[in-house]
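Novice: Structure supplied as start_3.cif; contents: mmCIF, C-alpha atoms and all ligand atoms.
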data_upload
loop_
_atom_site.label_atom_id
_atom_site.label_comp_id
_atom_site.auth_asym_id
_atom_site.auth_seq_id
_atom_site.Cartn_x
_atom_site.Cartn_y
_atom_site.Cartn_z
CA MET A 144 -99.00 -80.85 -84.57
CA LYS A 145 -99.92 -84.35 -83.55
CA LEU A 146 -101.57 -86.92 -85.80
CA SER A 147 -103.38 -89.82 -84.17
CA GLN A 148 -101.92 -93.33 -84.35
CA ARG A 149 -105.20 -94.40 -85.89
CA VAL A 150 -104.82 -92.12 -88.85
CA GLN A 151 -101.09 -92.69 -89.25
CA ARG A 152 -101.84 -96.35 -89.92
CA LEU A 153 -104.41 -95.46 -92.56
CA THR A 154 -103.48 -95.94 -96.22
CA PRO A 155 -105.42 -93.84 -98.75
CA SER A 156 -108.03 -95.53 -100.96
CA LYS A 157 -106.16 -96.69 -104.07
CA THR A 158 -109.31 -96.70 -106.16
CA ILE A 159 -109.90 -93.05 -105.38
CA GLU A 160 -106.20 -92.15 -105.50
CA ILE A 161 -105.50 -93.56 -108.98
CA THR A 162 -108.56 -91.86 -110.39
CA THR A 163 -107.63 -88.50 -108.86
CA MET A 164 -104.09 -88.87 -110.22
CA ALA A 165 -105.31 -89.74 -113.71
CA ASN A 166 -107.79 -86.86 -113.73
CA GLU A 167 -105.00 -84.47 -112.73
CA LEU A 168 -102.93 -85.68 -115.69
CA LYS A 169 -106.00 -85.16 -117.87
CA ASN A 170 -106.42 -81.61 -116.59
CA GLN A 171 -102.78 -80.94 -117.48
CA GLY A 172 -103.69 -81.73 -121.09
CA HIS A 173 -102.61 -85.40 -121.30
CA ASP A 174 -104.88 -87.76 -123.21
CA VAL A 175 -105.49 -90.16 -120.31
CA ILE A 176 -108.05 -92.96 -120.35
CA VAL A 177 -109.32 -93.70 -116.87
CA LEU A 178 -110.54 -97.21 -116.14
CA GLY A 179 -110.09 -96.54 -112.43
CA ALA A 180 -112.87 -95.94 -109.92
CA GLY A 181 -116.04 -97.90 -110.38
CA GLU A 182 -118.35 -95.16 -111.43
CA PRO A 183 -120.93 -95.35 -114.24
CA ASP A 184 -120.28 -92.76 -116.95
CA PHE A 185 -124.00 -92.05 -117.47
CA ASN A 186 -125.62 -89.00 -115.96
CA THR A 187 -128.18 -89.67 -113.23
CA PRO A 188 -131.52 -90.36 -114.99
CA LYS A 189 -133.65 -87.27 -115.65
CA HIS A 190 -136.67 -88.30 -113.54
CA ILE A 191 -134.34 -88.56 -110.52
CA LEU A 192 -132.85 -85.11 -111.18
CA ASP A 193 -136.39 -83.73 -111.44
CA ALA A 194 -137.37 -85.26 -108.11
CA ALA A 195 -134.35 -83.64 -106.45
CA ALA A 196 -135.21 -80.25 -107.99
CA LYS A 197 -138.79 -80.60 -106.78
CA ALA A 198 -137.61 -81.45 -103.26
CA MET A 199 -135.50 -78.29 -103.26
CA THR A 200 -138.33 -76.01 -104.37
CA GLN A 201 -140.66 -77.64 -101.82
CA GLY A 202 -138.24 -76.64 -99.07
CA LEU A 203 -137.14 -80.18 -98.23
CA THR A 204 -133.73 -78.75 -97.50
CA LYS A 205 -133.60 -79.07 -93.71
CA TYR A 206 -132.19 -81.60 -91.27
CA THR A 207 -133.87 -84.96 -91.49
CA PRO A 208 -133.92 -87.82 -88.96
CA ALA A 209 -130.35 -89.16 -88.60
CA GLY A 210 -131.31 -92.53 -90.07
CA GLY A 211 -133.21 -91.12 -93.05
CA VAL A 212 -136.71 -89.88 -93.91
CA VAL A 213 -139.60 -92.27 -93.39
CA GLU A 214 -140.64 -92.21 -97.09
CA LEU A 215 -137.21 -93.42 -98.17
CA LYS A 216 -137.07 -96.07 -95.44
CA ASP A 217 -140.44 -97.34 -96.63
CA ALA A 218 -139.23 -97.42 -100.24
CA ILE A 219 -136.20 -99.44 -99.14
CA ARG A 220 -138.45 -101.82 -97.21
CA ALA A 221 -140.63 -102.25 -100.30
CA LYS A 222 -137.55 -102.91 -102.41
CA PHE A 223 -136.35 -105.67 -100.07
CA GLN A 224 -139.81 -107.20 -100.11
CA ARG A 225 -140.06 -107.01 -103.92
CA ASP A 226 -136.58 -108.24 -104.83
CA GLN A 227 -135.73 -110.67 -102.02
CA GLY A 228 -138.99 -111.38 -100.22
CA LEU A 229 -137.40 -109.86 -97.10
CA GLU A 230 -139.59 -108.03 -94.56
CA TYR A 231 -137.97 -105.32 -92.45
CA ASN A 232 -139.51 -102.88 -89.97
CA ARG A 233 -138.63 -99.20 -90.13
CA ASP A 234 -136.29 -99.52 -87.15
CA GLU A 235 -134.37 -102.19 -89.04
CA ILE A 236 -133.38 -99.79 -91.85
CA VAL A 237 -130.83 -96.96 -91.72
CA VAL A 238 -130.04 -94.55 -94.57
CA THR A 239 -126.40 -93.44 -94.76
CA VAL A 240 -124.06 -91.18 -96.72
CA GLY A 241 -123.29 -93.87 -99.31
CA ALA A 242 -122.83 -97.58 -98.74
CA LYS A 243 -119.25 -96.85 -97.68
CA HIS A 244 -120.60 -94.92 -94.70
CA ALA A 245 -123.01 -97.75 -93.85
CA LEU A 246 -120.06 -100.16 -93.71
CA TYR A 247 -117.99 -97.69 -91.69
CA ASN A 248 -120.73 -97.23 -89.11
CA LEU A 249 -121.39 -100.96 -88.97
CA PHE A 250 -117.78 -101.80 -88.14
CA GLN A 251 -117.76 -99.01 -85.55
CA VAL A 252 -120.80 -100.42 -83.77
CA ILE A 253 -119.93 -104.14 -83.81
CA LEU A 254 -116.16 -104.21 -83.24
CA ASP A 255 -114.01 -103.85 -80.15
CA PRO A 256 -110.21 -103.86 -80.22
CA GLY A 257 -108.88 -107.26 -81.25
CA ASP A 258 -112.15 -108.51 -82.76
CA GLU A 259 -111.65 -110.32 -86.04
CA VAL A 260 -113.61 -109.96 -89.28
CA ILE A 261 -113.14 -112.64 -91.93
CA ILE A 262 -112.92 -111.12 -95.41
CA PRO A 263 -112.55 -113.11 -98.66
CA SER A 264 -109.91 -111.89 -101.11
CA PRO A 265 -109.85 -110.35 -103.63
CA TYR A 266 -111.64 -107.73 -101.53
CA TRP A 267 -112.78 -104.17 -102.04
CA VAL A 268 -110.06 -101.91 -100.71
CA SER A 269 -112.04 -100.03 -98.04
CA TYR A 270 -113.13 -103.08 -96.01
CA ILE A 271 -109.65 -103.59 -94.62
CA GLU A 272 -109.04 -100.00 -93.56
CA GLN A 273 -112.51 -99.61 -92.13
CA VAL A 274 -112.13 -102.71 -89.95
CA LYS A 275 -108.76 -101.41 -88.74
CA LEU A 276 -110.20 -97.96 -88.02
CA ALA A 277 -112.73 -99.64 -85.74
CA GLY A 278 -109.87 -101.38 -83.88
CA GLY A 279 -110.63 -104.72 -85.49
CA THR A 280 -108.37 -107.18 -87.27
CA PRO A 281 -109.15 -108.23 -90.84
CA VAL A 282 -108.53 -111.94 -91.44
CA ILE A 283 -108.21 -112.75 -95.12
CA ILE A 284 -109.31 -116.02 -96.72
CA GLU A 285 -108.20 -116.37 -100.30
CA GLY A 286 -110.46 -116.81 -103.30
CA THR A 287 -108.34 -117.96 -106.22
CA GLU A 288 -108.80 -118.07 -109.98
CA LYS A 289 -109.31 -121.83 -109.70
CA THR A 290 -112.43 -121.37 -107.57
CA GLY A 291 -113.73 -118.46 -109.65
CA PHE A 292 -112.42 -116.12 -106.91
CA LYS A 293 -114.87 -117.56 -104.40
CA VAL A 294 -114.18 -118.93 -100.94
CA THR A 295 -115.54 -122.19 -99.54
CA SER A 296 -117.25 -122.98 -96.26
CA ASP A 297 -114.20 -125.09 -95.30
CA GLN A 298 -111.95 -122.07 -95.65
CA LEU A 299 -114.36 -120.02 -93.55
CA LYS A 300 -114.55 -122.74 -90.88
CA ASP A 301 -110.74 -122.96 -90.67
CA ALA A 302 -110.41 -119.19 -90.24
CA VAL A 303 -112.87 -118.88 -87.34
CA THR A 304 -111.27 -118.22 -83.93
CA GLU A 305 -112.64 -117.20 -80.53
CA LYS A 306 -112.15 -113.61 -81.62
CA THR A 307 -114.15 -113.81 -84.85
CA VAL A 308 -117.13 -111.48 -84.76
CA ALA A 309 -118.18 -111.21 -88.39
CA PHE A 310 -117.88 -112.60 -91.89
CA LEU A 311 -118.14 -110.27 -94.88
CA ILE A 312 -119.45 -111.32 -98.25
CA ASN A 313 -119.69 -109.17 -101.39
CA SER A 314 -121.66 -110.78 -104.21
CA PRO A 315 -121.44 -109.82 -107.06
CA SER A 316 -117.91 -108.91 -106.10
CA ASN A 317 -115.78 -105.86 -106.57
CA PRO A 318 -113.16 -106.43 -108.04
CA THR A 319 -113.85 -109.85 -109.65
CA GLY A 320 -117.55 -109.75 -110.55
CA ALA A 321 -117.88 -113.25 -109.06
CA MET A 322 -121.29 -114.26 -107.77
CA TYR A 323 -122.14 -116.87 -105.13
CA SER A 324 -124.90 -119.41 -105.78
CA ARG A 325 -127.71 -120.11 -103.35
CA GLN A 326 -126.04 -123.36 -102.26
CA GLU A 327 -122.65 -121.72 -101.73
CA LEU A 328 -124.30 -119.02 -99.61
CA GLN A 329 -126.19 -121.64 -97.63
CA ASN A 330 -122.94 -123.50 -96.87
CA LEU A 331 -121.21 -120.30 -95.74
CA GLY A 332 -124.29 -119.27 -93.77
CA ASP A 333 -124.36 -122.60 -91.90
CA ILE A 334 -120.84 -121.97 -90.60
CA CYS A 335 -121.80 -118.43 -89.54
CA LEU A 336 -124.82 -119.73 -87.63
CA GLU A 337 -122.75 -122.46 -85.99
CA HIS A 338 -120.26 -119.88 -84.69
CA ASP A 339 -122.72 -117.06 -84.09
CA LEU A 340 -121.01 -114.71 -86.56
CA THR A 341 -122.58 -111.51 -87.81
CA ILE A 342 -122.84 -111.70 -91.59
CA ILE A 343 -122.15 -108.50 -93.50
CA SER A 344 -123.60 -108.85 -96.99
CA ASP A 345 -122.52 -106.06 -99.35
CA GLU A 346 -125.06 -106.24 -102.18
CA ILE A 347 -124.32 -102.96 -103.94
CA TYR A 348 -123.91 -104.69 -107.34
CA GLU A 349 -127.08 -106.76 -106.89
CA LEU A 350 -128.78 -105.50 -110.05
CA LEU A 351 -125.66 -105.40 -112.23
CA ILE A 352 -125.69 -109.02 -113.38
CA TYR A 353 -125.14 -110.24 -116.95
CA THR A 354 -126.11 -113.91 -116.77
CA ASP A 355 -129.50 -115.55 -116.27
CA GLU A 356 -128.64 -116.30 -112.67
CA LYS A 357 -130.46 -114.10 -110.15
CA HIS A 358 -128.77 -112.44 -107.25
CA VAL A 359 -129.52 -114.17 -103.96
CA SER A 360 -129.22 -112.39 -100.64
CA ILE A 361 -127.85 -114.65 -97.91
CA ALA A 362 -130.40 -112.97 -95.60
CA SER A 363 -133.23 -114.42 -97.66
CA LEU A 364 -132.22 -118.06 -97.12
CA SER A 365 -133.83 -118.54 -93.69
CA PRO A 366 -135.22 -116.51 -90.77
CA GLU A 367 -132.10 -117.49 -88.77
CA LEU A 368 -129.78 -116.12 -91.45
CA LYS A 369 -131.85 -112.96 -91.81
CA ALA A 370 -131.55 -112.35 -88.06
CA GLN A 371 -127.78 -112.76 -88.25
CA THR A 372 -127.18 -110.63 -91.39
CA VAL A 373 -126.76 -106.92 -92.00
CA VAL A 374 -127.36 -106.18 -95.69
CA ILE A 375 -125.53 -103.21 -97.19
CA ASN A 376 -126.76 -101.56 -100.38
CA GLY A 377 -127.17 -98.17 -102.03
CA VAL A 378 -128.12 -96.26 -105.14
CA SER A 379 -124.62 -95.21 -106.35
CA LYS A 380 -124.01 -97.95 -108.89
CA THR A 381 -127.44 -99.07 -110.07
CA TYR A 382 -128.77 -95.57 -110.71
CA SER A 383 -125.52 -93.83 -111.62
CA MET A 384 -125.73 -91.72 -108.46
CA THR A 385 -122.21 -91.97 -107.05
CA GLY A 386 -121.99 -88.29 -106.13
CA TRP A 387 -125.32 -88.12 -104.34
CA ARG A 388 -124.01 -90.31 -101.53
CA ILE A 389 -126.99 -92.39 -100.48
CA GLY A 390 -126.58 -95.91 -99.13
CA TYR A 391 -128.44 -98.01 -96.60
CA ALA A 392 -128.27 -100.98 -94.26
CA ALA A 393 -130.91 -103.44 -93.09
CA GLY A 394 -130.71 -105.78 -90.12
CA ASP A 395 -131.14 -106.24 -86.40
CA ALA A 396 -132.80 -103.17 -84.81
CA ARG A 397 -130.15 -102.88 -82.07
CA ILE A 398 -127.32 -102.66 -84.58
CA ILE A 399 -129.24 -100.41 -86.96
CA GLY A 400 -130.25 -98.12 -84.08
CA ALA A 401 -126.62 -97.84 -82.97
CA MET A 402 -125.55 -96.99 -86.53
CA SER A 403 -128.17 -94.28 -86.65
CA ARG A 404 -127.05 -92.83 -83.28
CA LEU A 405 -123.48 -92.77 -84.56
CA SER A 406 -124.61 -90.81 -87.63
CA SER A 407 -126.48 -88.38 -85.37
CA HIS A 408 -123.11 -87.33 -83.92
CA SER A 409 -121.14 -87.29 -87.17
CA THR A 410 -123.05 -86.56 -90.37
CA SER A 411 -126.39 -85.63 -88.65
CA ASN A 412 -128.23 -87.04 -91.66
CA PRO A 413 -127.67 -87.98 -95.29
CA THR A 414 -128.28 -84.91 -97.50
CA SER A 415 -132.02 -84.23 -97.52
CA VAL A 416 -132.35 -83.56 -101.26
CA ALA A 417 -130.29 -86.64 -102.14
CA GLN A 418 -132.66 -88.75 -100.04
CA TYR A 419 -135.60 -87.59 -102.17
CA ALA A 420 -133.61 -88.32 -105.32
CA ALA A 421 -132.94 -91.85 -103.99
CA LEU A 422 -136.64 -92.22 -103.20
CA GLU A 423 -137.45 -91.55 -106.85
CA ALA A 424 -134.68 -93.91 -107.99
CA LEU A 425 -136.19 -96.78 -106.00
CA THR A 426 -139.86 -96.08 -106.68
CA GLY A 427 -139.83 -94.55 -110.20
CA THR A 428 -139.35 -96.21 -113.58
CA GLN A 429 -136.55 -98.79 -113.69
CA GLU A 430 -136.14 -98.42 -117.47
CA PRO A 431 -132.80 -96.52 -117.26
CA VAL A 432 -131.33 -99.40 -115.23
CA ASP A 433 -132.09 -101.83 -118.06
CA ARG A 434 -130.51 -99.46 -120.56
CA MET A 435 -127.32 -99.06 -118.53
CA LEU A 436 -127.17 -102.79 -117.92
CA SER A 437 -127.31 -103.63 -121.61
CA ALA A 438 -124.52 -101.09 -122.32
CA PHE A 439 -122.39 -102.61 -119.54
CA ARG A 440 -122.95 -106.10 -120.94
CA LYS A 441 -121.67 -105.09 -124.39
CA ARG A 442 -118.66 -103.37 -122.88
CA ARG A 443 -117.85 -106.35 -120.66
CA ASP A 444 -117.88 -108.70 -123.64
CA TYR A 445 -115.77 -106.35 -125.72
CA VAL A 446 -113.10 -105.77 -123.04
CA ALA A 447 -112.87 -109.44 -122.06
CA ASN A 448 -112.51 -110.52 -125.71
CA ARG A 449 -109.82 -107.98 -126.43
CA LEU A 450 -107.87 -108.78 -123.24
CA LEU A 451 -107.97 -112.50 -123.91
CA ARG A 452 -106.23 -111.92 -127.25
CA ILE A 453 -103.28 -110.12 -125.65
CA PRO A 454 -100.33 -112.43 -124.91
CA GLY A 455 -99.54 -112.81 -121.19
CA ILE A 456 -102.94 -111.57 -119.99
CA HIS A 457 -105.87 -113.71 -118.94
CA CYS A 458 -109.20 -113.10 -117.26
CA ASP A 459 -112.60 -114.58 -116.55
CA VAL A 460 -115.68 -113.07 -118.13
CA PRO A 461 -117.29 -111.74 -114.94
CA GLN A 462 -120.91 -112.43 -114.03
CA GLY A 463 -121.66 -109.10 -112.44
CA ALA A 464 -120.54 -105.59 -111.33
CA PHE A 465 -118.54 -103.57 -113.91
CA TYR A 466 -114.97 -104.66 -113.43
CA ILE A 467 -112.59 -107.14 -115.02
CA PHE A 468 -109.89 -108.51 -112.76
CA ALA A 469 -107.19 -109.47 -115.23
CA ASN A 470 -104.11 -111.53 -114.47
CA VAL A 471 -101.14 -109.72 -116.02
CA ALA A 472 -98.38 -111.59 -114.14
CA GLU A 473 -96.95 -113.17 -117.28
CA ALA A 474 -97.06 -109.97 -119.34
CA ALA A 475 -95.40 -108.11 -116.45
CA GLN A 476 -92.69 -110.74 -116.05
CA THR A 477 -91.96 -110.90 -119.78
CA ALA A 478 -91.47 -107.13 -119.86
CA GLY A 479 -89.29 -107.18 -116.72
CA TYR A 480 -91.66 -105.62 -114.20
CA ASP A 481 -91.64 -106.89 -110.59
CA ASP A 482 -95.39 -107.25 -110.31
CA ALA A 483 -98.74 -106.07 -111.64
CA ASP A 484 -98.45 -102.79 -109.72
CA ALA A 485 -95.21 -101.83 -111.48
CA TRP A 486 -96.76 -102.90 -114.80
CA ALA A 487 -99.83 -100.69 -114.18
CA LYS A 488 -97.64 -97.74 -113.24
CA ALA A 489 -95.64 -98.08 -116.47
CA LEU A 490 -98.85 -98.41 -118.47
CA LEU A 491 -100.07 -95.11 -117.04
CA GLU A 492 -96.76 -93.37 -117.66
CA GLN A 493 -96.18 -94.69 -121.17
CA GLU A 494 -99.63 -95.23 -122.66
CA LYS A 495 -101.73 -93.04 -120.36
CA VAL A 496 -104.20 -95.73 -119.37
CA ALA A 497 -105.14 -95.74 -115.67
CA LEU A 498 -106.10 -99.06 -114.04
CA VAL A 499 -106.23 -99.98 -110.38
CA PRO A 500 -103.30 -102.20 -109.32
CA GLY A 501 -104.31 -105.54 -107.83
CA SER A 502 -102.52 -104.88 -104.54
CA ALA A 503 -105.48 -102.66 -103.61
CA PHE A 504 -107.57 -105.84 -103.59
CA GLY A 505 -104.99 -108.27 -102.18
CA SER A 506 -103.28 -109.57 -105.35
CA SER A 507 -99.92 -108.72 -106.89
CA ALA A 508 -100.71 -110.61 -110.11
CA HIS A 509 -103.80 -108.71 -111.22
CA VAL A 510 -105.08 -105.31 -112.28
CA ARG A 511 -108.68 -104.13 -112.19
CA LEU A 512 -110.26 -102.43 -115.19
CA SER A 513 -113.57 -100.67 -114.77
CA TYR A 514 -115.64 -100.87 -117.95
CA ALA A 515 -118.16 -98.31 -116.74
CA THR A 516 -116.94 -95.93 -119.41
CA SER A 517 -117.81 -95.29 -123.05
CA MET A 518 -117.14 -97.85 -125.80
CA ASP A 519 -115.01 -95.30 -127.58
CA GLN A 520 -112.73 -94.92 -124.55
CA LEU A 521 -112.64 -98.67 -124.04
CA GLN A 522 -111.57 -99.28 -127.65
CA LYS A 523 -108.75 -96.76 -127.32
CA ALA A 524 -107.71 -98.23 -123.97
CA MET A 525 -107.56 -101.75 -125.41
CA ASP A 526 -105.47 -100.57 -128.38
CA ARG A 527 -103.05 -98.91 -126.00
CA ILE A 528 -102.79 -101.90 -123.66
CA GLU A 529 -102.19 -104.19 -126.64
CA GLN A 530 -99.49 -101.87 -127.92
CA PHE A 531 -97.90 -101.61 -124.46
CA VAL A 532 -97.68 -105.40 -124.14
CA THR A 533 -96.64 -106.27 -127.66
CA GLN A 534 -93.97 -103.57 -127.86
CA SER A 535 -92.32 -104.17 -124.50
N1 LIG A 601 -119.14 -101.64 -101.59
C1 LIG A 601 -118.50 -101.94 -102.74
C2 LIG A 601 -118.16 -103.34 -103.03
C3 LIG A 601 -118.18 -100.91 -103.64
O1 LIG A 601 -117.55 -101.21 -104.77
C4 LIG A 601 -118.52 -99.58 -103.33
C5 LIG A 601 -118.13 -98.52 -104.33
N2 LIG A 601 -117.70 -97.36 -103.85
C6 LIG A 601 -119.18 -99.34 -102.12
C7 LIG A 601 -119.47 -100.39 -101.28
C8 LIG A 601 -119.55 -97.97 -101.67
O2 LIG A 601 -120.47 -97.35 -102.49
P1 LIG A 601 -121.04 -95.90 -102.19
O3 LIG A 601 -120.40 -95.42 -100.93
O4 LIG A 601 -120.72 -95.08 -103.36
O5 LIG A 601 -122.52 -96.09 -102.00
N1 LIG A 602 -116.29 -98.58 -105.31
C1 LIG A 602 -115.66 -97.93 -106.40
C2 LIG A 602 -114.34 -98.59 -106.68
O1 LIG A 602 -114.02 -99.58 -106.11
C3 LIG A 602 -115.57 -96.44 -106.20
C4 LIG A 602 -114.38 -95.90 -105.48
C5 LIG A 602 -114.40 -96.23 -104.03
O2 LIG A 602 -115.35 -95.84 -103.37
O3 LIG A 602 -113.47 -96.89 -103.61
O4 LIG A 602 -113.63 -98.15 -107.54
#
Before anything else, please render the file you have as structure tokens.
Ligand code: PMP
Ligand code: GLU

Specialist:
Amino acid sequence: MKLSQRVQRLTPSKTIEITTMANELKNQGHDVIVLGAGEPDFNTPKHILDAAAKAMTQGLTKYTPAGGVVELKDAIRAKFQRDQGLEYNRDEIVVTVGAKHALYNLFQVILDPGDEVIIPSPYWVSYIEQVKLAGGTPVIIEGTEKTGFKVTSDQLKDAVTEKTVAFLINSPSNPTGAMYSRQELQNLGDICLEHDLTIISDEIYELLIYTDEKHVSIASLSPELKAQTVVINGVSKTYSMTGWRIGYAAGDARIIGAMSRLSSHSTSNPTSVAQYAALEALTGTQEPVDRMLSAFRKRRDYVANRLLRIPGIHCDVPQGAFYIFANVAEAAQTAGYDDADAWAKALLEQEKVALVPGSAFGSSAHVRLSYATSMDQLQKAMDRIEQFVTQS
């Protein structure tokens, strides 16, 4: 049987793959510690579970509008107004099956074959494949350790060609946790306006920030930038709702309408009950978010401190998200591994600690550790990594 060219070119998601592999090992009885996929270990807060149960008993279990129920759209609009001072109409909001689906639909509706999307590295693994699936070409501009893994407006300017359609920014970033300042966003935004680029702003880690700095949405900097930006967000990370699959996008009504029409022919609608759970997440008490945030902060500090004491490994203490992007090039070289990927593979085989190799994010010198897991697991993982490095 035939497989399409499109799908033959597709590489599986390494973040998902490594986690599945590690969980399989676990199920076989191995004592594996998984610092793989970025997924909070907490259960979804109780008041959200209750809202979902109530929706079920009330019979809210039918098809909904493709772009989401009005109540949830209104809650998303209120959230944008409250957190960023951004005003959107209902037709400028679409609810999707996770933020990943919002991004997928967005690339499908804005790209034609050959169109280029500029993506800063290190990047989240799915951006590249999603752009390619839409027939587009990802163009990478490199954020290095020296610049705190951020790209500059000069780099963006140099990468723009006649084929550039969009620029993607993810702040706070997966995998580095780096966050752009207002001024940096303004500088990048100016280039986008000059070249009429659509700005895709993935703000899924917006509330997971550990410094005093506040998240700034590039869309909030001026009416011109708002008109040019599609903001992507969702409830997966902030509310520990990864399995519920609710994300959303906000932006120009033509683009949002097209995304919604695309959903109407693929998913029909995001799961009705999950939409009511997301409604409660956005409108109910935010106390669980504060609790999770303070746990993440402690874990971040612990993991960074331990890693920095291991010879041949270095990392920044990230500002946001729940990942540490650690440079293990020296440790890998000392132990005779070709790159960070080979090092991570050996670590899994020998010490049963699963990390995501940096190649998933565009770097052969790094590995990504997710610290969205319990302190107990993190302590064990750090002991094992230390042992792996010092004994090899
Ligand atoms: N963007 C980034 C940067 C992410 O890390 C994730 C995590 N999966 C997503 C989007 C998608 O989130 P979800 O589909 O779970 O809402
Ligand atoms: N975004 C998370 C990660 O990067 C979850 C897995 C995924 O969707 O790729 O690990």

Novice: Find, counting all atoms listed in the file, the residue in A:Gln201, A:Ser147, A:Asn248, A:Gln493 that gets nearest to A:Thr410.

Specialist: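 Nearest candidate to A:Thr410 out of A:Gln201, A:Ser147, A:Asn248, A:Gln493: A:Asn248.
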
Novice: Around ligand LIG 601 (chain A), which protein and nucleic acid residues have at least one atom no more than 9 Å from it, if we count all atoms listed in the file? List them as a PyMOL selection string.

Specialist: chain A and resi 158+180-182+239-246+266-270+313-318+345-348+375-380+384-391+464

Novice: Which residue, A:Gln171, A:Gln520, A:Gln476, A:Thr381, has the smallest gap to A:Ser507 when you use all atoms listed in the file?

Specialist: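 Of A:Gln171, A:Gln520, A:Gln476, A:Thr381, the one nearest A:Ser507 is A:Gln476, counting all atoms listed in the file.
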
Novice: Quick one: 5 Å padding each side, axis-aligned, all listed atoms of ligand LIG 602 (chain A) - centre and edge lengths in Å to one decimal, as lines of an AutoDock Vina configuration file?

Specialist:
center_x = -114.9
center_y = -97.7
center_z = -105.5
size_x = 12.8
size_y = 13.7
size_z = 14.2

Novice: Report as a PyMOL selection string all protein, DNA and RNA residues lying within 8 Å of stretch 431-433 of chain A, evaluated on only C-alpha atoms, omitting residues in the same chain fewer than 4 positions from it.

Specialist: chain A and resi 188+381-382+437

Novice: With C-alpha atoms retained, could you export that selection as a PDB file, in the frame of the given file?

Specialist:
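Okay, part-v1.pdb is ready:
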ATOM      1  CA  PRO A 188    -131.520 -90.360-114.990  1.00  0.00           C
ATOM      2  CA  THR A 381    -127.440 -99.070-110.070  1.00  0.00           C
ATOM      3  CA  TYR A 382    -128.770 -95.570-110.710  1.00  0.00           C
ATOM      4  CA  SER A 437    -127.310-103.630-121.610  1.00  0.00           C
TER       5      SER A 437
END

Novice: With the input short on atoms, add N, CA and C atoms back to stretch 388-402 of chain A and write it as a PDB file, keeping the file's coordinate frame.

Specialist:
ATOM      1  N   ARG A 388    -124.379 -89.708-102.791  1.00  0.00           N
ATOM      2  CA  ARG A 388    -124.010 -90.310-101.530  1.00  0.00           C
ATOM      3  C   ARG A 388    -125.205 -90.798-100.703  1.00  0.00           C
ATOM      4  N   ILE A 389    -125.923 -91.749-101.255  1.00  0.00           N
ATOM      5  CA  ILE A 389    -126.990 -92.390-100.480  1.00  0.00           C
ATOM      6  C   ILE A 389    -126.791 -93.915-100.493  1.00  0.00           C
ATOM      7  N   GLY A 390    -126.643 -94.461 -99.289  1.00  0.00           N
ATOM      8  CA  GLY A 390    -126.580 -95.910 -99.130  1.00  0.00           C
ATOM      9  C   GLY A 390    -127.518 -96.306 -98.003  1.00  0.00           C
ATOM     10  N   TYR A 391    -127.586 -97.590 -97.719  1.00  0.00           N
ATOM     11  CA  TYR A 391    -128.440 -98.010 -96.600  1.00  0.00           C
ATOM     12  C   TYR A 391    -128.028 -99.377 -96.080  1.00  0.00           C
ATOM     13  N   ALA A 392    -128.508 -99.668 -94.865  1.00  0.00           N
ATOM     14  CA  ALA A 392    -128.270-100.980 -94.260  1.00  0.00           C
ATOM     15  C   ALA A 392    -129.569-101.482 -93.684  1.00  0.00           C
ATOM     16  N   ALA A 393    -129.720-102.821 -93.668  1.00  0.00           N
ATOM     17  CA  ALA A 393    -130.910-103.440 -93.090  1.00  0.00           C
ATOM     18  C   ALA A 393    -130.464-104.585 -92.194  1.00  0.00           C
ATOM     19  N   GLY A 394    -131.063-104.679 -91.026  1.00  0.00           N
ATOM     20  CA  GLY A 394    -130.710-105.780 -90.120  1.00  0.00           C
ATOM     21  C   GLY A 394    -131.292-105.576 -88.743  1.00  0.00           C
ATOM     22  N   ASP A 395    -130.708-106.264 -87.791  1.00  0.00           N
ATOM     23  CA  ASP A 395    -131.140-106.240 -86.400  1.00  0.00           C
ATOM     24  C   ASP A 395    -131.326-104.803 -85.878  1.00  0.00           C
ATOM     25  N   ALA A 396    -132.463-104.546 -85.236  1.00  0.00           N
ATOM     26  CA  ALA A 396    -132.800-103.170 -84.810  1.00  0.00           C
ATOM     27  C   ALA A 396    -131.773-102.572 -83.850  1.00  0.00           C
ATOM     28  N   ARG A 397    -131.150-103.423 -83.014  1.00  0.00           N
ATOM     29  CA  ARG A 397    -130.150-102.880 -82.070  1.00  0.00           C
ATOM     30  C   ARG A 397    -128.941-102.329 -82.811  1.00  0.00           C
ATOM     31  N   ILE A 398    -128.496-103.094 -83.807  1.00  0.00           N
ATOM     32  CA  ILE A 398    -127.320-102.660 -84.580  1.00  0.00           C
ATOM     33  C   ILE A 398    -127.676-101.443 -85.432  1.00  0.00           C
ATOM     34  N   ILE A 399    -128.816-101.509 -86.085  1.00  0.00           N
ATOM     35  CA  ILE A 399    -129.240-100.410 -86.960  1.00  0.00           C
ATOM     36  C   ILE A 399    -129.445 -99.124 -86.145  1.00  0.00           C
ATOM     37  N   GLY A 400    -130.030 -99.276 -84.959  1.00  0.00           N
ATOM     38  CA  GLY A 400    -130.250 -98.120 -84.080  1.00  0.00           C
ATOM     39  C   GLY A 400    -128.917 -97.491 -83.675  1.00  0.00           C
ATOM     40  N   ALA A 401    -127.945 -98.345 -83.374  1.00  0.00           N
ATOM     41  CA  ALA A 401    -126.620 -97.840 -82.970  1.00  0.00           C
ATOM     42  C   ALA A 401    -125.955 -97.115 -84.143  1.00  0.00           C
ATOM     43  N   MET A 402    -126.128 -97.649 -85.343  1.00  0.00           N
ATOM     44  CA  MET A 402    -125.550 -96.990 -86.530  1.00  0.00           C
ATOM     45  C   MET A 402    -126.159 -95.606 -86.717  1.00  0.00           C
TER      46      MET A 402
END
